[in-house]
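Listing of entry-v4.tsv, TSV, C-alpha atoms
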```tsv
chain	number	residue	atom	x	y	z
A	1	MET	CA	-28.97	18.24	4.66
A	2	THR	CA	-26.70	20.36	6.83
A	3	THR	CA	-29.40	22.66	8.20
A	4	PRO	CA	-29.32	22.11	11.95
A	5	GLY	CA	-32.69	23.59	12.81
A	6	GLY	CA	-34.57	21.94	10.00
A	7	HIS	CA	-37.59	24.25	10.02
A	8	PRO	CA	-37.60	24.66	6.22
A	9	TYR	CA	-38.19	20.91	5.95
A	10	GLY	CA	-40.74	20.90	8.72
A	11	GLY	CA	-42.77	23.56	7.01
A	12	ALA	CA	-42.86	21.66	3.73
A	13	GLN	CA	-43.65	18.25	5.12
A	14	GLN	CA	-46.30	19.06	7.64
A	15	PRO	CA	-48.61	21.48	5.95
A	16	GLN	CA	-51.60	20.64	8.14
A	17	GLY	CA	-49.76	21.36	11.40
A	18	GLY	CA	-50.54	24.27	13.70
A	19	HIS	CA	-47.60	26.09	12.26
A	20	ASP	CA	-49.43	26.51	8.97
A	21	GLN	CA	-52.37	28.26	10.55
A	22	ASN	CA	-50.03	30.57	12.31
A	23	ARG	CA	-48.58	31.52	9.03
A	24	PHE	CA	-51.95	32.39	7.57
A	25	ASN	CA	-52.96	34.33	10.65
A	26	PHE	CA	-49.77	36.33	10.69
A	27	PRO	CA	-48.67	36.69	7.12
A	28	SER	CA	-46.10	39.31	7.99
A	29	ALA	CA	-44.13	36.89	10.13
A	30	PRO	CA	-43.71	33.73	8.08
A	31	SER	CA	-42.47	30.71	9.99
A	32	ARG	CA	-39.95	32.59	12.11
A	33	PRO	CA	-41.80	32.89	15.42
A	34	VAL	CA	-42.46	29.19	15.94
A	35	PRO	CA	-39.34	27.23	15.17
A	36	GLU	CA	-39.48	25.20	18.38
A	37	GLN	CA	-42.80	23.65	17.53
A	38	ASN	CA	-41.26	22.32	14.34
A	39	HIS	CA	-38.44	20.70	16.23
A	40	TYR	CA	-40.87	18.75	18.32
A	41	GLN	CA	-42.89	17.61	15.36
A	42	GLN	CA	-39.88	16.55	13.41
A	43	TYR	CA	-38.05	14.58	16.03
A	44	GLY	CA	-41.12	13.13	17.62
A	45	GLN	CA	-42.25	11.36	14.42
A	46	PRO	CA	-39.18	10.71	12.36
A	47	GLN	CA	-40.60	8.09	9.95
A	48	GLN	CA	-43.92	9.61	9.10
A	49	PRO	CA	-43.08	12.39	6.69
A	50	GLN	CA	-42.06	9.81	4.05
A	51	MET	CA	-45.40	8.07	3.73
A	52	PRO	CA	-48.32	10.54	4.01
A	53	PRO	CA	-47.94	11.71	0.39
A	54	GLN	CA	-49.35	8.34	-0.75
A	55	PRO	CA	-52.78	8.06	0.89
A	56	PRO	CA	-54.46	11.24	-0.38
A	57	PRO	CA	-54.59	10.31	-4.12
A	58	ARG	CA	-55.96	6.93	-3.09
A	59	ALA	CA	-58.81	8.42	-1.11
A	60	ALA	CA	-59.54	10.78	-3.96
A	61	ARG	CA	-59.56	8.03	-6.56
A	62	GLN	CA	-61.98	5.90	-4.59
A	63	PRO	CA	-65.23	7.84	-4.43
A	64	ALA	CA	-68.23	5.52	-4.46
A	65	PRO	CA	-67.60	1.80	-5.02
A	66	LYS	CA	-67.45	-0.24	-1.80
A	67	ALA	CA	-66.09	2.73	0.12
A	68	HIS	CA	-64.48	0.85	2.97
A	69	ASN	CA	-62.04	2.92	4.90
A	70	PRO	CA	-59.38	0.51	6.04
A	71	LEU	CA	-58.21	0.91	9.60
A	72	VAL	CA	-54.73	-0.10	8.58
A	73	ARG	CA	-52.83	2.56	6.69
A	74	PRO	CA	-50.89	1.37	3.61
A	75	TYR	CA	-47.49	1.98	5.19
A	76	ALA	CA	-48.45	-0.23	8.11
A	77	MET	CA	-48.90	-3.21	5.75
A	78	THR	CA	-45.30	-2.86	4.68
A	79	GLY	CA	-43.91	-2.19	8.13
A	80	GLY	CA	-42.97	1.33	7.09
A	81	ARG	CA	-40.86	0.17	4.13
A	82	THR	CA	-41.08	2.36	1.06
A	83	ARG	CA	-38.98	0.21	-1.24
A	84	PRO	CA	-39.42	-3.41	-2.36
A	85	ARG	CA	-36.76	-6.00	-1.55
A	86	TYR	CA	-35.80	-6.08	-5.21
A	87	GLN	CA	-36.76	-4.32	-8.41
A	88	LEU	CA	-40.16	-5.35	-9.67
A	89	ALA	CA	-41.48	-3.90	-12.92
A	90	ILE	CA	-44.94	-2.36	-12.96
A	91	GLU	CA	-45.87	-4.74	-15.79
A	92	ALA	CA	-44.34	-7.84	-14.14
A	93	LEU	CA	-46.83	-10.69	-14.37
A	94	VAL	CA	-47.80	-12.45	-11.16
A	95	SER	CA	-49.65	-15.73	-10.84
A	96	THR	CA	-49.92	-18.35	-8.16
A	97	THR	CA	-50.86	-21.99	-8.04
A	98	ALA	CA	-51.17	-21.85	-4.26
A	99	ASP	CA	-54.16	-23.69	-2.86
A	100	PRO	CA	-56.48	-21.07	-1.27
A	101	ALA	CA	-56.99	-23.41	1.69
A	102	ARG	CA	-53.27	-23.26	2.48
A	103	LEU	CA	-53.10	-19.46	2.73
A	104	GLN	CA	-54.20	-19.41	6.36
A	105	GLY	CA	-50.95	-18.32	7.97
A	106	GLN	CA	-50.32	-15.49	5.50
A	107	LEU	CA	-50.95	-11.80	6.02
A	108	PRO	CA	-54.48	-10.75	4.97
A	109	GLU	CA	-53.03	-8.64	2.16
A	110	HIS	CA	-50.98	-11.57	0.91
A	111	GLN	CA	-54.08	-13.74	0.95
A	112	ARG	CA	-55.95	-11.18	-1.13
A	113	ILE	CA	-53.10	-11.00	-3.63
A	114	CYS	CA	-52.90	-14.80	-3.85
A	115	ARG	CA	-56.64	-15.15	-4.42
A	116	LEU	CA	-56.53	-12.47	-7.09
A	117	CYS	CA	-53.52	-14.01	-8.81
A	118	GLN	CA	-55.10	-17.39	-9.42
A	119	GLU	CA	-55.32	-15.78	-12.82
A	120	ILE	CA	-52.29	-13.97	-14.16
A	121	LYS	CA	-52.24	-10.31	-13.19
A	122	SER	CA	-49.68	-7.57	-13.54
A	123	VAL	CA	-48.40	-5.67	-10.53
A	124	ALA	CA	-50.29	-2.63	-11.79
A	125	GLU	CA	-53.55	-4.60	-11.89
A	126	ILE	CA	-53.01	-5.92	-8.37
A	127	SER	CA	-52.57	-2.37	-7.19
A	128	ALA	CA	-55.69	-1.16	-8.99
A	129	LEU	CA	-58.01	-4.09	-8.23
A	130	LEU	CA	-57.15	-4.25	-4.53
A	131	SER	CA	-56.92	-0.45	-4.38
A	132	ILE	CA	-53.59	-0.43	-2.66
A	133	PRO	CA	-50.90	2.04	-3.69
A	134	LEU	CA	-48.54	0.75	-6.35
A	135	GLY	CA	-45.49	1.06	-4.10
A	136	VAL	CA	-47.19	-1.01	-1.43
A	137	ALA	CA	-48.31	-3.65	-3.96
A	138	ARG	CA	-44.74	-3.97	-5.17
A	139	ILE	CA	-43.44	-4.50	-1.67
A	140	LEU	CA	-46.10	-7.09	-0.84
A	141	VAL	CA	-45.54	-9.07	-4.06
A	142	ALA	CA	-41.77	-9.02	-3.54
A	143	ASP	CA	-42.32	-10.40	-0.03
A	144	LEU	CA	-44.30	-13.33	-1.46
A	145	ASP	CA	-41.41	-14.19	-3.73
A	146	VAL	CA	-39.03	-14.31	-0.77
A	147	THR	CA	-41.42	-16.75	0.91
A	148	LEU	CA	-41.01	-19.09	-2.08
A	149	LEU	CA	-37.22	-18.87	-1.84
A	150	GLU	CA	-37.36	-19.73	1.84
A	151	ARG	CA	-39.47	-22.79	1.07
A	152	VAL	CA	-37.03	-23.92	-1.62
A	153	LEU	CA	-34.16	-23.50	0.81
A	154	SER	CA	-35.77	-25.51	3.59
A	155	GLY	CA	-36.80	-28.18	1.06
A	156	LEU	CA	-33.23	-28.52	-0.21
A	157	ARG	CA	-31.87	-28.80	3.33
A	158	LYS	CA	-34.29	-31.62	4.07
A	159	LEU	CA	-33.24	-33.67	1.02
B	160	MET	CA	-50.48	-29.26	-16.39
B	161	ASP	CA	-53.93	-28.22	-15.26
B	162	PHE	CA	-55.20	-30.14	-12.24
B	163	ALA	CA	-58.29	-28.07	-11.69
B	164	SER	CA	-60.74	-30.55	-13.16
B	165	SER	CA	-59.49	-33.53	-11.19
B	166	ASN	CA	-60.37	-32.35	-7.68
B	167	GLY	CA	-63.03	-34.92	-6.88
B	168	GLY	CA	-63.41	-35.59	-3.18
B	169	ALA	CA	-59.79	-35.12	-2.18
B	170	ALA	CA	-58.27	-31.75	-1.52
B	171	PRO	CA	-57.12	-30.16	-4.73
B	172	ARG	CA	-53.39	-30.48	-5.17
B	173	SER	CA	-51.72	-27.64	-6.91
B	174	THR	CA	-48.01	-27.29	-7.24
B	175	THR	CA	-45.57	-24.43	-7.25
B	176	SER	CA	-42.33	-24.64	-9.12
B	177	ALA	CA	-38.99	-22.90	-8.96
B	178	LYS	CA	-36.10	-22.96	-11.35
B	179	ILE	CA	-32.32	-22.99	-11.05
B	180	VAL	CA	-29.94	-22.75	-13.97
B	181	VAL	CA	-26.68	-24.69	-13.98
B	182	ALA	CA	-23.92	-23.73	-16.38
B	183	GLY	CA	-22.11	-27.05	-16.70
B	184	THR	CA	-23.28	-30.58	-16.10
B	185	PHE	CA	-24.29	-31.74	-12.68
B	186	VAL	CA	-28.00	-32.07	-13.09
B	187	GLY	CA	-27.69	-35.87	-13.14
B	188	ALA	CA	-26.22	-35.97	-9.62
B	189	VAL	CA	-29.25	-34.56	-7.79
B	190	SER	CA	-32.20	-35.07	-10.08
B	191	GLU	CA	-34.76	-37.66	-9.01
B	192	ILE	CA	-35.81	-38.36	-12.55
B	193	ASN	CA	-33.51	-39.76	-15.15
B	194	PRO	CA	-32.39	-36.41	-16.49
B	195	LEU	CA	-33.39	-35.50	-19.95
B	196	ARG	CA	-30.03	-35.27	-21.60
B	197	THR	CA	-28.95	-34.07	-24.93
B	198	GLU	CA	-25.51	-35.62	-24.57
B	199	ALA	CA	-24.15	-36.57	-27.94
B	200	VAL	CA	-21.08	-38.44	-29.06
B	201	MET	CA	-18.54	-36.00	-30.36
B	202	THR	CA	-17.64	-36.60	-33.93
B	203	SER	CA	-15.07	-35.24	-36.27
B	204	ALA	CA	-17.57	-32.51	-37.12
B	205	SER	CA	-16.64	-30.75	-33.88
B	206	ALA	CA	-12.91	-30.84	-34.60
B	207	GLY	CA	-11.54	-27.33	-34.39
B	208	ILE	CA	-14.78	-26.04	-32.85
B	209	ASP	CA	-14.94	-27.74	-29.43
B	210	ASP	CA	-11.57	-27.36	-27.76
B	211	LEU	CA	-10.31	-30.66	-26.30
B	212	THR	CA	-6.78	-29.58	-25.43
B	213	HIS	CA	-7.19	-30.33	-21.73
B	214	THR	CA	-9.88	-32.97	-21.92
B	215	GLY	CA	-8.47	-35.48	-24.35
B	216	ASP	CA	-10.67	-38.37	-23.16
B	217	LYS	CA	-13.93	-36.45	-23.50
B	218	THR	CA	-16.10	-38.40	-25.91
B	219	THR	CA	-19.54	-36.87	-25.41
B	220	THR	CA	-20.78	-33.31	-25.00
B	221	THR	CA	-24.02	-31.65	-23.94
B	222	VAL	CA	-25.95	-30.38	-26.88
B	223	ALA	CA	-28.37	-27.57	-26.11
B	224	MET	CA	-29.46	-28.42	-22.54
B	225	ASP	CA	-29.97	-30.81	-19.61
B	226	PHE	CA	-33.11	-30.96	-17.56
B	227	GLY	CA	-33.77	-32.41	-14.12
B	228	ARG	CA	-36.35	-32.24	-11.37
B	229	ILE	CA	-36.38	-32.37	-7.55
B	230	THR	CA	-39.59	-32.63	-5.53
B	231	LEU	CA	-38.96	-30.51	-2.44
B	232	ASP	CA	-42.38	-30.77	-0.86
B	233	GLN	CA	-45.84	-32.09	-1.68
B	234	ASP	CA	-46.57	-29.01	-3.71
B	235	LEU	CA	-43.15	-27.60	-4.49
B	236	ILE	CA	-40.97	-28.74	-7.35
B	237	LEU	CA	-37.52	-27.47	-8.24
B	238	TYR	CA	-36.51	-27.69	-11.87
B	239	LEU	CA	-32.88	-27.70	-12.86
B	240	PHE	CA	-31.85	-26.53	-16.28
B	241	GLY	CA	-28.33	-27.34	-17.34
B	242	THR	CA	-27.05	-24.97	-19.96
B	243	PRO	CA	-24.56	-26.06	-22.55
B	244	GLY	CA	-20.99	-24.89	-22.56
B	245	GLN	CA	-20.85	-24.18	-26.25
B	246	ASP	CA	-21.43	-20.54	-26.99
B	247	ARG	CA	-23.23	-21.42	-30.22
B	248	PHE	CA	-26.28	-22.33	-28.10
B	249	TRP	CA	-26.47	-18.98	-26.39
B	250	PHE	CA	-29.72	-18.07	-28.02
B	251	MET	CA	-31.31	-20.46	-25.49
B	252	TRP	CA	-29.93	-18.78	-22.40
B	253	ASP	CA	-32.33	-15.87	-22.23
B	254	ASP	CA	-35.24	-18.31	-22.09
B	255	LEU	CA	-33.57	-20.62	-19.60
B	256	VAL	CA	-32.73	-17.78	-17.26
B	257	ARG	CA	-36.13	-16.08	-17.24
B	258	GLY	CA	-37.74	-16.42	-13.80
B	259	ALA	CA	-34.87	-18.45	-12.37
B	260	ILE	CA	-33.84	-18.17	-8.71
B	261	GLY	CA	-30.21	-18.06	-9.72
B	262	ALA	CA	-27.40	-19.95	-11.41
B	263	VAL	CA	-24.58	-22.29	-10.48
B	264	VAL	CA	-21.54	-21.87	-12.72
B	265	LEU	CA	-19.44	-25.02	-12.71
B	266	VAL	CA	-15.82	-24.15	-13.32
B	267	ASP	CA	-13.16	-26.52	-14.49
B	268	THR	CA	-9.92	-24.92	-13.30
B	269	ARG	CA	-8.02	-26.65	-16.10
B	270	ARG	CA	-10.05	-24.59	-18.59
B	271	LEU	CA	-10.79	-21.46	-16.60
B	272	ALA	CA	-11.35	-19.26	-19.64
B	273	ASP	CA	-14.34	-21.38	-20.66
B	274	CYS	CA	-16.44	-19.94	-17.85
B	275	PHE	CA	-15.79	-16.28	-18.71
B	276	PRO	CA	-18.82	-16.01	-21.02
B	277	ALA	CA	-21.13	-17.62	-18.45
B	278	VAL	CA	-19.88	-15.39	-15.62
B	279	ASP	CA	-20.21	-12.32	-17.84
B	280	TYR	CA	-23.70	-13.33	-18.84
B	281	PHE	CA	-24.97	-13.81	-15.27
B	282	GLU	CA	-23.25	-10.66	-14.04
B	283	ASN	CA	-24.93	-8.64	-16.79
B	284	SER	CA	-28.35	-10.20	-16.32
B	285	GLY	CA	-28.25	-9.45	-12.58
B	286	LEU	CA	-29.07	-13.06	-11.73
B	287	PRO	CA	-27.53	-14.22	-8.43
B	288	PHE	CA	-24.92	-16.88	-9.11
B	289	VAL	CA	-22.33	-18.99	-7.32
B	290	ILE	CA	-19.11	-20.36	-8.77
B	291	ALA	CA	-18.59	-24.06	-8.07
B	292	LEU	CA	-15.04	-25.27	-8.65
B	293	ASN	CA	-15.29	-28.78	-9.91
B	294	GLY	CA	-12.49	-30.97	-8.60
B	295	PHE	CA	-12.03	-33.63	-11.20
B	296	ASP	CA	-11.03	-36.88	-9.44
B	297	GLY	CA	-11.18	-35.05	-6.11
B	298	HIS	CA	-8.24	-32.87	-7.04
B	299	GLN	CA	-8.46	-29.12	-6.36
B	300	PRO	CA	-5.35	-27.44	-7.72
B	301	TYR	CA	-6.45	-23.87	-6.85
B	302	THR	CA	-8.07	-22.27	-3.81
B	303	PRO	CA	-11.35	-20.35	-4.20
B	304	GLU	CA	-9.54	-17.08	-3.47
B	305	GLU	CA	-7.03	-17.70	-6.25
B	306	VAL	CA	-9.90	-18.32	-8.66
B	307	ARG	CA	-11.75	-15.21	-7.45
B	308	GLU	CA	-8.66	-13.20	-8.22
B	309	ALA	CA	-8.21	-14.83	-11.63
B	310	LEU	CA	-11.85	-14.34	-12.62
B	311	GLN	CA	-12.07	-10.83	-11.13
B	312	ILE	CA	-15.24	-11.68	-9.25
B	313	GLY	CA	-16.59	-9.37	-6.60
B	314	PRO	CA	-16.55	-10.39	-2.94
B	315	ASP	CA	-20.30	-11.01	-2.76
B	316	ALA	CA	-20.53	-13.95	-5.17
B	317	PRO	CA	-19.77	-17.19	-3.27
B	318	ILE	CA	-17.10	-19.52	-4.64
B	319	ILE	CA	-17.25	-23.11	-3.42
B	320	THR	CA	-15.45	-26.35	-4.19
B	321	THR	CA	-17.51	-29.29	-5.28
B	322	ASP	CA	-17.48	-32.67	-6.98
B	323	ALA	CA	-20.26	-32.55	-9.52
B	324	ARG	CA	-20.64	-36.33	-9.55
B	325	HIS	CA	-21.69	-36.50	-5.89
B	326	ARG	CA	-25.23	-35.83	-4.83
B	327	ALA	CA	-24.30	-34.29	-1.48
B	328	ASP	CA	-21.92	-31.85	-3.15
B	329	ALA	CA	-24.42	-30.86	-5.80
B	330	LYS	CA	-27.06	-30.38	-3.11
B	331	SER	CA	-24.85	-28.14	-0.99
B	332	ALA	CA	-24.03	-26.08	-4.10
B	333	LEU	CA	-27.75	-25.53	-4.63
B	334	ILE	CA	-28.24	-24.60	-0.98
B	335	THR	CA	-25.40	-22.07	-1.19
B	336	LEU	CA	-27.03	-20.56	-4.26
B	337	VAL	CA	-30.50	-20.23	-2.73
B	338	GLU	CA	-29.03	-18.71	0.44
B	339	HIS	CA	-27.11	-16.25	-1.70
B	340	ALA	CA	-30.22	-15.38	-3.75
B	341	LEU	CA	-32.21	-14.86	-0.57
B	342	MET	CA	-29.58	-12.58	0.92
B	343	ALA	CA	-29.41	-10.61	-2.33
B	344	ARG	CA	-33.15	-10.01	-2.18
B	345	LEU	CA	-33.27	-9.13	1.49
B	346	ARG	CA	-30.49	-6.61	1.16
```
Turn this file's structure into structure tokens for me.
Amino acid sequence: MTTPGGHPYGGAQQPQGGHDQNRFNFPSAPSRPVPEQNHYQQYGQPQQPQMPPQPPPRAARQPAPKAHNPLVRPYAMTGGRTRPRYQLAIEALVSTTADPARLQGQLPEHQRICRLCQEIKSVAEISALLSIPLGVARILVADLDVTLLERVLSGLRKL
Amino acid sequence: MDFASSNGGAAPRSTTSAKIVVAGTFVGAVSEINPLRTEAVMTSASAGIDDLTHTGDKTTTTVAMDFGRITLDQDLILYLFGTPGQDRFWFMWDDLVRGAIGAVVLVDTRRLADCFPAVDYFENSGLPFVIALNGFDGHQPYTPEEVREALQIGPDAPIITTDARHRADAKSALITLVEHALMARLR
């Protein structure tokens, strides 16, 4: 954490960067000659290194069936959050009684989860059936729960 | 509770429900239905088991649980489950607490020690809870901060004063709890 230059981190997190090719082209001079490039990459995109590890397994797992490549990356659905608002077990059961016609104002992902959870599903199933990463599914389901709390609160205030 | 088959021409009405647990009795003050009560007349059988040192005129006690309901919106119902004070009914608590938004612990400052088990239970289960000091006959002998000190409760759990017989007080206790639960989840 105390390394000021940070190039050891940069090398590990951005393997597809130009710096990598340099290393293969000049094996005798590993990573030393181009430290400045790393600085730019690191400070220019501070949030990104946390998320990219998730998408690749997803793409690999999804070979043939309905291969739709979503324009929106998983971390965009969660606003860059990597952690749910509260702990949610992988086997936690989710179901909704929400009327599909009343889902209009919700995020598209929330609508998909709500339609799926007309029947009881676990968080793991939601992740698998909607092919969204487990961490993202957790965050989205936790958000739905907060929506319920907000409704309860406004209902109590109106009493 | 399945409404699926009855959606003729009208829009199907499905409901969502939420649950709040109340340790102590104030379900009757806010519920819109006549609460299901398991209040029983105390008999000599409870002598030496239910402590009446500070509540000499208490003639009935909650057995097992109370249950009440509030309709918050067309499709949103809040259920209130009142838990009993007696620790011999604790086997019911795990079921009552499952899926609940949080808990209100009603505290009688004349018998402060009685709420220790409930506070311990909710602290251990990780359920958000608020402490409501019940002023019997509108009399509040201790300030919330004094009670916080006595109960050794952390600064994040709200402590409020209330009169469990009044609807407005019970309602504001519930609002405090839901706000607290929401903040705990957004943190």
Considering all atoms listed in the file, return as a PyMOL selection string whatever protein or nucleic-acid residues lie within 12 Å of stretch 134-141 of chain A, sequence-local ones (same chain, fewer than 5 positions apart) excluded. (chain A and resi 51+53-55+57-58+73-96+106-114+116-117+121-129+146-148) or (chain B and resi 344-345)
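Using only C-alpha atoms, the part of chain B that sits within 8 Å of chain A is made up of Pro171, Arg172, Ser173, Thr174, Thr175, Ala177, Leu231, Asp232, Leu235, Leu237, Ile260, Lys330, Leu333, Ile334, Val337, Glu338, Leu341, Arg344, Leu345 and Arg346 of chain B.
Here atom CA of B:Tyr280 stands at a distance of 9.0 Å from atom CA of B:Trp252.
Proximity to B:Met342 was assessed for B:Ala316, B:Ala329, B:Val306, B:Ala323 counting all atoms listed in the file; the smallest distance is recorded for B:Ala316.
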Distance atom CA of B:Val180-atom CA of B:Phe240, one decimal place?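 Separating atom CA of B:Val180 from atom CA of B:Phe240 is a distance of 4.8 Å.
Those residues that approach B:Phe288 to within 8 Å, counting only C-alpha atoms, are Gly261, Ala262, Val263, Val264, Phe281, Ala316, Pro317, Leu336, His339 and Ala340 of chain B; same-chain residues fewer than 6 positions away are not listed.
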Find the residues near B:Leu310: any atom within 9 Å, counting all atoms listed in the file, skip ones fewer than 2 places away on the same chain, and give them as a ChimeraX atom specification. /B:271-272,274-275,278,305-308,312
Report, as lines of an AutoDock Vina configuration file, the axis-aligned box around all atoms of stretch 173-184 of chain B present in the file, extended by 6 Å on each side; give centre and edge lengths in Å to one decimal place.
```
center_x = -36.9
center_y = -26.7
center_z = -11.8
size_x = 41.6
size_y = 19.8
size_z = 21.8
```
Atomic distance atom CA of B:Ile318 - atom CA of B:Asn283, expressed in Å with one decimal: 18.1 Å
For a cut-off of 9 Å around (-21.2, -27.5, -12.5), file coordinates, pick out all residues using only C-alpha atoms and list them as a PyMOL selection string. chain B and resi 181-186+241+263-267+290-293+321-323+329+332
From the set B:Leu286, B:Asp279, B:Gly227, B:Ser331, which residue has the shortest atom-to-atom contact distance to B:Ala259, counting all atoms listed in the file?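 Once distances to B:Ala259 are computed over all atoms listed in the file, the minimum belongs to B:Leu286.
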Which is closest to B:Leu239 among B:Gln299, B:Arg326, B:Pro314, B:Ser176, if we use all atoms listed in the file?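 Among the listed residues, the smallest separation from B:Leu239 belongs to B:Ser176.
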